[in-house]
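The file model-v2.pdb contains PDB, C-alpha atoms, pLDDT in the B column:
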ATOM      1  CA  MET A 503     207.086  57.560  92.016  1.00 56.00           C
ATOM      2  CA  THR A 504     208.276  54.993  89.504  1.00 54.00           C
ATOM      3  CA  ALA A 505     209.519  56.927  86.510  1.00 62.00           C
ATOM      4  CA  ASP A 506     210.484  54.030  84.280  1.00 87.00           C
ATOM      5  CA  LEU A 507     208.146  51.066  84.371  1.00 95.00           C
ATOM      6  CA  ARG A 508     208.855  48.163  82.063  1.00 96.00           C
ATOM      7  CA  ILE A 509     206.797  45.019  81.566  1.00 97.00           C
ATOM      8  CA  THR A 510     208.171  42.171  79.483  1.00 96.00           C
ATOM      9  CA  TRP A 511     206.070  39.224  78.277  1.00 95.00           C
ATOM     10  CA  THR A 512     208.106  36.316  76.889  1.00 95.00           C
ATOM     11  CA  LEU A 513     206.595  33.079  75.617  1.00 95.00           C
ATOM     12  CA  ASP A 514     208.362  30.077  77.102  1.00 90.00           C
ATOM     13  CA  GLY A 515     207.220  26.790  75.620  1.00 87.00           C
ATOM     14  CA  HIS A 516     203.692  25.915  74.585  1.00 93.00           C
ATOM     15  CA  GLY A 517     201.164  27.575  76.882  1.00 94.00           C
ATOM     16  CA  TRP A 518     203.650  29.238  79.206  1.00 95.00           C
ATOM     17  CA  ALA A 519     204.902  32.797  79.506  1.00 95.00           C
ATOM     18  CA  ASP A 520     207.334  34.626  81.725  1.00 95.00           C
ATOM     19  CA  CYS A 521     206.474  38.142  82.762  1.00 96.00           C
ATOM     20  CA  VAL A 522     208.940  40.587  84.253  1.00 97.00           C
ATOM     21  CA  VAL A 523     207.831  43.850  85.816  1.00 97.00           C
ATOM     22  CA  GLU A 524     210.585  46.249  86.679  1.00 95.00           C
ATOM     23  CA  ALA A 525     211.348  49.777  87.658  1.00 93.00           C
ATOM     24  CA  PRO A 526     214.626  51.309  88.795  1.00 90.00           C
ATOM     25  CA  GLN A 527     216.012  49.088  91.572  1.00 89.00           C
ATOM     26  CA  THR A 528     212.986  46.738  91.671  1.00 93.00           C
ATOM     27  CA  ARG A 529     212.165  43.642  89.681  1.00 96.00           C
ATOM     28  CA  GLY A 530     209.496  40.961  89.899  1.00 96.00           C
ATOM     29  CA  GLU A 531     209.337  37.742  87.902  1.00 96.00           C
ATOM     30  CA  LEU A 532     206.106  35.850  87.278  1.00 95.00           C
ATOM     31  CA  THR A 533     205.038  32.796  85.311  1.00 94.00           C
ATOM     32  CA  ALA A 534     201.694  32.410  83.554  1.00 94.00           C
ATOM     33  CA  SER A 535     199.822  29.519  82.012  1.00 94.00           C
ATOM     34  CA  TYR A 536     197.379  29.800  79.141  1.00 93.00           C
ATOM     35  CA  ILE A 537     194.653  27.993  81.146  1.00 90.00           C
ATOM     36  CA  THR A 538     193.032  31.367  81.816  1.00 89.00           C
ATOM     37  CA  GLY A 539     192.849  34.593  79.799  1.00 88.00           C
ATOM     38  CA  THR A 540     195.950  36.006  81.458  1.00 92.00           C
ATOM     39  CA  PRO A 541     197.045  38.641  78.902  1.00 95.00           C
ATOM     40  CA  GLU A 542     193.455  39.653  78.197  1.00 96.00           C
ATOM     41  CA  ASP A 543     192.726  40.061  81.906  1.00 96.00           C
ATOM     42  CA  LEU A 544     195.861  42.143  82.492  1.00 97.00           C
ATOM     43  CA  LEU A 545     195.177  44.472  79.553  1.00 98.00           C
ATOM     44  CA  THR A 546     191.529  44.821  80.609  1.00 98.00           C
ATOM     45  CA  ALA A 547     192.501  45.635  84.214  1.00 98.00           C
ATOM     46  CA  VAL A 548     194.777  48.444  83.046  1.00 98.00           C
ATOM     47  CA  ALA A 549     192.086  49.719  80.646  1.00 98.00           C
ATOM     48  CA  ARG A 550     189.677  49.903  83.577  1.00 98.00           C
ATOM     49  CA  LEU A 551     192.162  52.045  85.487  1.00 97.00           C
ATOM     50  CA  VAL A 552     192.584  54.344  82.500  1.00 97.00           C
ATOM     51  CA  ALA A 553     188.784  54.610  82.305  1.00 96.00           C
ATOM     52  CA  GLY A 554     188.691  55.780  85.931  1.00 96.00           C
ATOM     53  CA  GLU A 555     188.173  52.716  88.132  1.00 97.00           C
ATOM     54  CA  THR A 556     189.898  53.047  91.497  1.00 98.00           C
ATOM     55  CA  GLU A 557     190.649  49.364  92.097  1.00 98.00           C
ATOM     56  CA  THR A 558     191.066  46.458  89.731  1.00 97.00           C
ATOM     57  CA  ARG A 559     192.853  43.116  89.572  1.00 96.00           C
ATOM     58  CA  ALA A 560     194.248  40.554  87.189  1.00 96.00           C
ATOM     59  CA  GLN A 561     195.503  37.073  87.912  1.00 95.00           C
ATOM     60  CA  PHE A 562     198.032  34.747  86.318  1.00 94.00           C
ATOM     61  CA  GLU A 563     197.527  31.046  86.956  1.00 93.00           C
ATOM     62  CA  SER A 564     200.794  29.196  87.216  1.00 91.00           C
ATOM     63  CA  GLU A 565     199.540  25.732  88.164  1.00 86.00           C
ATOM     64  CA  PRO A 566     199.218  25.405  91.140  1.00 87.00           C
ATOM     65  CA  THR A 567     200.379  28.832  92.301  1.00 93.00           C
ATOM     66  CA  ALA A 568     198.923  32.096  91.068  1.00 94.00           C
ATOM     67  CA  TYR A 569     200.135  35.660  90.710  1.00 96.00           C
ATOM     68  CA  ARG A 570     197.641  38.395  91.457  1.00 96.00           C
ATOM     69  CA  TRP A 571     198.077  41.995  90.292  1.00 97.00           C
ATOM     70  CA  VAL A 572     196.251  44.440  92.555  1.00 97.00           C
ATOM     71  CA  PHE A 573     195.903  47.991  91.259  1.00 98.00           C
ATOM     72  CA  TYR A 574     194.715  50.993  93.284  1.00 98.00           C
ATOM     73  CA  ARG A 575     194.207  54.374  91.664  1.00 98.00           C
ATOM     74  CA  GLU A 576     193.806  57.792  93.283  1.00 97.00           C
ATOM     75  CA  ASP A 577     193.661  60.721  90.875  1.00 96.00           C
ATOM     76  CA  ASP A 578     196.403  59.829  88.362  1.00 95.00           C
ATOM     77  CA  ASP A 579     198.553  57.849  90.821  1.00 97.00           C
ATOM     78  CA  VAL A 580     198.485  54.052  90.677  1.00 97.00           C
ATOM     79  CA  TRP A 581     199.832  51.688  93.318  1.00 97.00           C
ATOM     80  CA  ILE A 582     200.582  48.181  92.123  1.00 97.00           C
ATOM     81  CA  ARG A 583     201.103  45.056  94.192  1.00 96.00           C
ATOM     82  CA  VAL A 584     201.900  41.665  92.709  1.00 97.00           C
ATOM     83  CA  LEU A 585     201.248  38.761  95.044  1.00 97.00           C
ATOM     84  CA  GLU A 586     202.247  35.114  94.726  1.00 95.00           C
ATOM     85  CA  LEU A 587     199.530  32.869  96.139  1.00 95.00           C
ATOM     86  CA  PRO A 588     199.689  29.138  96.902  1.00 92.00           C
ATOM     87  CA  ASN A 589     196.307  28.738  95.208  1.00 87.00           C
ATOM     88  CA  GLY A 590     194.458  31.089  92.869  1.00 84.00           C
ATOM     89  CA  SER A 591     191.338  31.131  95.026  1.00 86.00           C
ATOM     90  CA  ASP A 592     193.238  32.275  98.129  1.00 88.00           C
ATOM     91  CA  HIS A 593     192.601  35.649  99.756  1.00 89.00           C
ATOM     92  CA  ASP A 594     195.227  38.377  99.233  1.00 91.00           C
ATOM     93  CA  ASN A 595     196.451  37.991 102.815  1.00 90.00           C
ATOM     94  CA  ARG A 596     197.702  34.466 101.975  1.00 92.00           C
ATOM     95  CA  GLY A 597     200.008  35.903  99.314  1.00 92.00           C
ATOM     96  CA  THR A 598     203.638  36.920  99.339  1.00 94.00           C
ATOM     97  CA  GLU A 599     204.441  40.224  97.694  1.00 96.00           C
ATOM     98  CA  VAL A 600     206.854  39.682  94.790  1.00 96.00           C
ATOM     99  CA  TRP A 601     206.746  43.241  93.454  1.00 97.00           C
ATOM    100  CA  SER A 602     205.206  46.583  94.310  1.00 96.00           C
ATOM    101  CA  GLY A 603     205.513  50.064  92.955  1.00 95.00           C
ATOM    102  CA  GLN A 604     203.827  53.370  92.347  1.00 95.00           C
ATOM    103  CA  THR A 605     203.452  55.100  89.016  1.00 96.00           C
ATOM    104  CA  ASP A 606     200.900  57.191  87.212  1.00 96.00           C
ATOM    105  CA  VAL A 607     198.141  55.850  85.024  1.00 97.00           C
ATOM    106  CA  ASP A 608     199.763  57.133  81.817  1.00 96.00           C
ATOM    107  CA  ARG A 609     203.091  55.417  82.504  1.00 96.00           C
ATOM    108  CA  LEU A 610     201.313  52.178  83.381  1.00 97.00           C
ATOM    109  CA  ALA A 611     199.203  52.236  80.211  1.00 97.00           C
ATOM    110  CA  ARG A 612     202.228  53.127  78.082  1.00 96.00           C
ATOM    111  CA  ALA A 613     204.293  50.280  79.599  1.00 97.00           C
ATOM    112  CA  MET A 614     201.521  47.757  79.016  1.00 97.00           C
ATOM    113  CA  ILE A 615     200.926  48.861  75.409  1.00 97.00           C
ATOM    114  CA  ARG A 616     204.651  48.799  74.646  1.00 97.00           C
ATOM    115  CA  SER A 617     204.949  45.340  76.161  1.00 97.00           C
ATOM    116  CA  PHE A 618     202.281  43.772  73.983  1.00 97.00           C
ATOM    117  CA  ASP A 619     203.329  45.731  70.889  1.00 97.00           C
ATOM    118  CA  GLU A 620     206.762  44.154  71.386  1.00 97.00           C
ATOM    119  CA  VAL A 621     205.177  40.710  71.749  1.00 96.00           C
ATOM    120  CA  ALA A 622     203.357  41.207  68.422  1.00 96.00           C
ATOM    121  CA  ARG A 623     206.600  42.320  66.729  1.00 97.00           C
ATOM    122  CA  THR A 624     208.614  39.436  68.189  1.00 96.00           C
ATOM    123  CA  TYR A 625     206.268  36.523  67.517  1.00 96.00           C
ATOM    124  CA  GLY A 626     203.700  37.790  65.043  1.00 96.00           C
ATOM    125  CA  GLU A 627     200.097  36.922  65.745  1.00 92.00           C
ATOM    126  CA  SER A 628     200.270  33.430  64.248  1.00 94.00           C
ATOM    127  CA  GLY A 629     203.565  32.695  66.020  1.00 96.00           C
ATOM    128  CA  TYR A 630     202.005  33.899  69.260  1.00 96.00           C
ATOM    129  CA  ARG A 631     199.050  31.541  68.797  1.00 95.00           C
ATOM    130  CA  GLY A 632     201.386  28.658  68.022  1.00 95.00           C
ATOM    131  CA  LYS A 633     203.467  29.187  71.163  1.00 95.00           C
ATOM    132  CA  TRP A 634     200.804  30.427  73.603  1.00 95.00           C
ATOM    133  CA  GLY A 635     197.937  28.273  72.343  1.00 93.00           C
ATOM    134  CA  GLU A 636     195.421  31.130  72.158  1.00 94.00           C
ATOM    135  CA  HIS A 637     194.876  34.153  69.919  1.00 95.00           C
ATOM    136  CA  PHE A 638     196.901  37.314  70.451  1.00 96.00           C
ATOM    137  CA  PRO A 639     194.881  39.748  72.665  1.00 97.00           C
ATOM    138  CA  ARG A 640     194.428  42.240  69.818  1.00 97.00           C
ATOM    139  CA  ALA A 641     190.964  43.488  70.895  1.00 97.00           C
ATOM    140  CA  GLU A 642     192.068  44.149  74.478  1.00 97.00           C
ATOM    141  CA  LEU A 643     195.272  45.859  73.339  1.00 98.00           C
ATOM    142  CA  LYS A 644     193.322  48.084  70.934  1.00 97.00           C
ATOM    143  CA  ALA A 645     190.760  48.935  73.636  1.00 97.00           C
ATOM    144  CA  LEU A 646     193.492  49.955  76.081  1.00 98.00           C
ATOM    145  CA  SER A 647     195.308  51.970  73.431  1.00 97.00           C
ATOM    146  CA  ARG A 648     192.113  53.727  72.349  1.00 97.00           C
ATOM    147  CA  LEU A 649     191.188  54.617  75.939  1.00 96.00           C
ATOM    148  CA  TRP A 650     194.691  55.839  76.716  1.00 96.00           C
ATOM    149  CA  HIS A 651     194.941  58.005  73.586  1.00 93.00           C
ATOM    150  CA  SER A 652     191.506  59.538  74.177  1.00 93.00           C
ATOM    151  CA  ARG A 653     192.272  60.392  77.807  1.00 81.00           C
ATOM    152  CA  GLU A 654     192.432  64.091  78.600  1.00 63.00           C
ATOM    153  CA  ARG A 655     195.724  64.843  80.275  1.00 58.00           C
ATOM    154  CA  PRO A 656     196.647  68.092  82.053  1.00 52.00           C
ATOM    155  CA  GLU A 657     199.157  69.029  79.336  1.00 56.00           C
ATOM    156  CA  ASP A 658     196.372  68.624  76.729  1.00 46.00           C
ATOM    157  CA  VAL A 659     194.190  71.305  78.336  1.00 35.00           C
TER     158      VAL A 659
END
Starting from the file, give its structure as structure tokens.
Amino acid sequence: MTADLRITWTLDGHGWADCVVEAPQTRGELTASYITGTPEDLLTAVARLVAGETETRAQFESEPTAYRWVFYREDDDVWIRVLELPNGSDHDNRGTEVWSGQTDVDRLARAMIRSFDEVARTYGESGYRGKWGEHFPRAELKALSRLWHSRERPEDV
């Protein structure tokens, strides 16, 4: 089980971001373009897991390659695979795994919220828009945070 999951989102030039996902002894690096709703899709995928979905996905377009996050949930355990694909429309089996790990849904949600809270602190919402080219994903971040905070956890019972 991955105890410490960290996701870092760094804006790199207009319309480009670098994303690093790491846990002890594992690290994956991805690149994303603003041509699709990358941060919104990632936050929404994690919110769906928190809400109870058992499988969800998000995809980063990196022109021409793509990075696909595949999430599987069973009870509170989440398995994550990140695949690099030659083309965004390719099937998963055409991809190369660049990162995989297992964590629980709370750690995943916490890591994602912390990541985008840090982005907001670093760039500010107007700075984010200036560098990324789109609005900061405030609504998706709030939705994930609200779902995560309202979730009944065993220690809450």
_For a test of reading the model, state the distance in Å between CA of Ser564 (chain A) and CA of Ser591 (chain A), rounded to one decimal._
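CA of Ser564 (chain A) sits 12.4 Å away from CA of Ser591 (chain A).
Counting from CA of Thr556 (chain A), the distance to CA of His637 (chain A) is 29.1 Å.
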*Closest to Pro639 (chain A) among A:Tyr569, A:Phe618, A:Phe562, A:Tyr625, using all atoms listed in the file?*
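Distance minimum relative to Pro639 (chain A) lands on A:Phe618.
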*Evaluating the PyMOL selection byres ((chain A and resi 534) around 7) on the displayed file yields which residues, as an MDAnalysis selection string?*
chainID A and resid 518:520 532:533 535:536 562:564
*Extract, using only C-alpha atoms, all DNA, RNA and protein residues at most 12 Å from Leu585 (chain A), discarding same-chain residues fewer than 3 positions from it, and format them as a PyMOL selection string.*
chain A and resi 530-532+559-563+567-573+582+588-590+592-602
*Quote the spacing between CA of Pro526 (chain A) and CA of Leu643 (chain A) in Å to one decimal place.*
25.4 Å
*Using only C-alpha atoms, pick whichever of A:Val621, A:Val580, A:Val548, A:Ile537 has the shortest atom-to-atom distance to Ser647 (chain A).*
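Among the listed residues, A:Val548 lies closest to Ser647 (chain A).
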When the PyMOL selection byres ((chain A and resi 611) around 10) is applied to the file above, which residues end up in the set, as a PDB file with C-alpha atoms, in the coordinates of the input?
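That gives us result.pdb:
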ATOM      1  CA  LEU A 507     208.146  51.066  84.371  1.00 95.00           C
ATOM      2  CA  LEU A 545     195.177  44.472  79.553  1.00 98.00           C
ATOM      3  CA  VAL A 548     194.777  48.444  83.046  1.00 98.00           C
ATOM      4  CA  ALA A 549     192.086  49.719  80.646  1.00 98.00           C
ATOM      5  CA  LEU A 551     192.162  52.045  85.487  1.00 97.00           C
ATOM      6  CA  VAL A 552     192.584  54.344  82.500  1.00 97.00           C
ATOM      7  CA  ASP A 606     200.900  57.191  87.212  1.00 96.00           C
ATOM      8  CA  VAL A 607     198.141  55.850  85.024  1.00 97.00           C
ATOM      9  CA  ASP A 608     199.763  57.133  81.817  1.00 96.00           C
ATOM     10  CA  ARG A 609     203.091  55.417  82.504  1.00 96.00           C
ATOM     11  CA  LEU A 610     201.313  52.178  83.381  1.00 97.00           C
ATOM     12  CA  ARG A 612     202.228  53.127  78.082  1.00 96.00           C
ATOM     13  CA  ALA A 613     204.293  50.280  79.599  1.00 97.00           C
ATOM     14  CA  MET A 614     201.521  47.757  79.016  1.00 97.00           C
ATOM     15  CA  ILE A 615     200.926  48.861  75.409  1.00 97.00           C
ATOM     16  CA  ARG A 616     204.651  48.799  74.646  1.00 97.00           C
ATOM     17  CA  SER A 617     204.949  45.340  76.161  1.00 97.00           C
ATOM     18  CA  LEU A 646     193.492  49.955  76.081  1.00 98.00           C
ATOM     19  CA  SER A 647     195.308  51.970  73.431  1.00 97.00           C
ATOM     20  CA  LEU A 649     191.188  54.617  75.939  1.00 96.00           C
ATOM     21  CA  TRP A 650     194.691  55.839  76.716  1.00 96.00           C
ATOM     22  CA  HIS A 651     194.941  58.005  73.586  1.00 93.00           C
TER      23      HIS A 651
END
Region 576-587 of chain A rebuilt with all heavy atoms, output as a CSV table (one decimal), in the coordinates of the input:
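Result written to result_10.csv:
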chain,number,residue,atom,x,y,z
A,576,GLU,N,194.3,56.6,92.7
A,576,GLU,CA,193.8,57.8,93.3
A,576,GLU,C,194.3,58.9,92.4
A,576,GLU,O,195.5,59.1,92.2
A,576,GLU,CB,194.3,57.9,94.7
A,576,GLU,CG,193.8,59.1,95.4
A,576,GLU,CD,194.2,59.2,96.9
A,576,GLU,OE1,194.1,58.2,97.6
A,576,GLU,OE2,194.7,60.3,97.3
A,577,ASP,N,193.4,59.7,91.9
A,577,ASP,CA,193.7,60.7,90.9
A,577,ASP,C,194.4,60.0,89.7
A,577,ASP,O,193.9,59.1,89.2
A,577,ASP,CB,194.4,61.9,91.5
A,577,ASP,CG,193.6,62.6,92.6
A,577,ASP,OD1,192.4,62.8,92.4
A,577,ASP,OD2,194.2,63.0,93.6
A,578,ASP,N,195.6,60.5,89.4
A,578,ASP,CA,196.4,59.8,88.4
A,578,ASP,C,197.5,58.9,88.9
A,578,ASP,O,198.2,58.2,88.1
A,578,ASP,CB,197.1,60.9,87.5
A,578,ASP,CG,196.1,61.4,86.4
A,578,ASP,OD1,195.0,60.9,86.2
A,578,ASP,OD2,196.5,62.5,85.8
A,579,ASP,N,197.6,58.7,90.2
A,579,ASP,CA,198.6,57.8,90.8
A,579,ASP,C,198.0,56.4,90.9
A,579,ASP,O,196.8,56.2,91.2
A,579,ASP,CB,198.9,58.3,92.2
A,579,ASP,CG,199.6,59.7,92.2
A,579,ASP,OD1,200.4,59.9,91.3
A,579,ASP,OD2,199.4,60.5,93.1
A,580,VAL,N,198.9,55.5,90.6
A,580,VAL,CA,198.5,54.1,90.7
A,580,VAL,C,199.5,53.3,91.5
A,580,VAL,O,200.7,53.4,91.3
A,580,VAL,CB,198.4,53.4,89.3
A,580,VAL,CG1,198.1,51.9,89.4
A,580,VAL,CG2,197.4,54.1,88.4
A,581,TRP,N,199.0,52.6,92.5
A,581,TRP,CA,199.8,51.7,93.3
A,581,TRP,C,199.6,50.3,92.8
A,581,TRP,O,198.4,49.9,92.7
A,581,TRP,CB,199.5,51.8,94.8
A,581,TRP,CG,199.9,53.1,95.4
A,581,TRP,CD1,201.1,53.4,96.0
A,581,TRP,CD2,199.2,54.4,95.3
A,581,TRP,NE1,201.1,54.7,96.4
A,581,TRP,CE2,200.0,55.3,96.0
A,581,TRP,CE3,198.0,54.8,94.8
A,581,TRP,CZ2,199.6,56.6,96.1
A,581,TRP,CZ3,197.6,56.1,94.9
A,581,TRP,CH2,198.4,57.0,95.6
A,582,ILE,N,200.7,49.5,92.7
A,582,ILE,CA,200.6,48.2,92.1
A,582,ILE,C,201.2,47.2,93.1
A,582,ILE,O,202.3,47.5,93.6
A,582,ILE,CB,201.3,48.1,90.8
A,582,ILE,CG1,200.8,49.1,89.8
A,582,ILE,CG2,201.2,46.6,90.2
A,582,ILE,CD1,201.8,49.3,88.6
A,583,ARG,N,200.5,46.1,93.4
A,583,ARG,CA,201.1,45.1,94.2
A,583,ARG,C,200.9,43.8,93.4
A,583,ARG,O,199.9,43.5,92.8
A,583,ARG,CB,200.4,44.9,95.5
A,583,ARG,CG,200.6,46.0,96.5
A,583,ARG,CD,199.9,45.7,97.8
A,583,ARG,NE,200.5,44.7,98.5
A,583,ARG,CZ,199.9,43.8,99.3
A,583,ARG,NH1,198.6,43.9,99.5
A,583,ARG,NH2,200.6,42.8,99.9
A,584,VAL,N,202.0,43.0,93.3
A,584,VAL,CA,201.9,41.7,92.7
A,584,VAL,C,202.2,40.6,93.8
A,584,VAL,O,203.2,40.7,94.5
A,584,VAL,CB,202.9,41.5,91.6
A,584,VAL,CG1,202.8,40.1,90.9
A,584,VAL,CG2,202.7,42.6,90.5
A,585,LEU,N,201.2,39.8,94.0
A,585,LEU,CA,201.2,38.8,95.0
A,585,LEU,C,201.4,37.4,94.5
A,585,LEU,O,200.7,37.0,93.5
A,585,LEU,CB,200.0,38.8,95.9
A,585,LEU,CG,199.6,40.1,96.5
A,585,LEU,CD1,198.2,40.1,97.1
A,585,LEU,CD2,200.6,40.6,97.5
A,586,GLU,N,202.2,36.5,95.1
A,586,GLU,CA,202.2,35.1,94.7
A,586,GLU,C,201.4,34.4,95.7
A,586,GLU,O,201.6,34.5,97.0
A,586,GLU,CB,203.7,34.6,94.8
A,586,GLU,CG,203.8,33.1,94.4
A,586,GLU,CD,205.2,32.6,94.3
A,586,GLU,OE1,206.1,33.3,94.7
A,586,GLU,OE2,205.4,31.4,94.0
A,587,LEU,N,200.5,33.6,95.3
A,587,LEU,CA,199.5,32.9,96.1
A,587,LEU,C,199.7,31.4,95.9
A,587,LEU,O,199.9,30.9,94.8
A,587,LEU,CB,198.1,33.3,95.8
A,587,LEU,CG,197.8,34.7,96.0
A,587,LEU,CD1,196.9,35.3,95.0
A,587,LEU,CD2,197.2,34.9,97.4
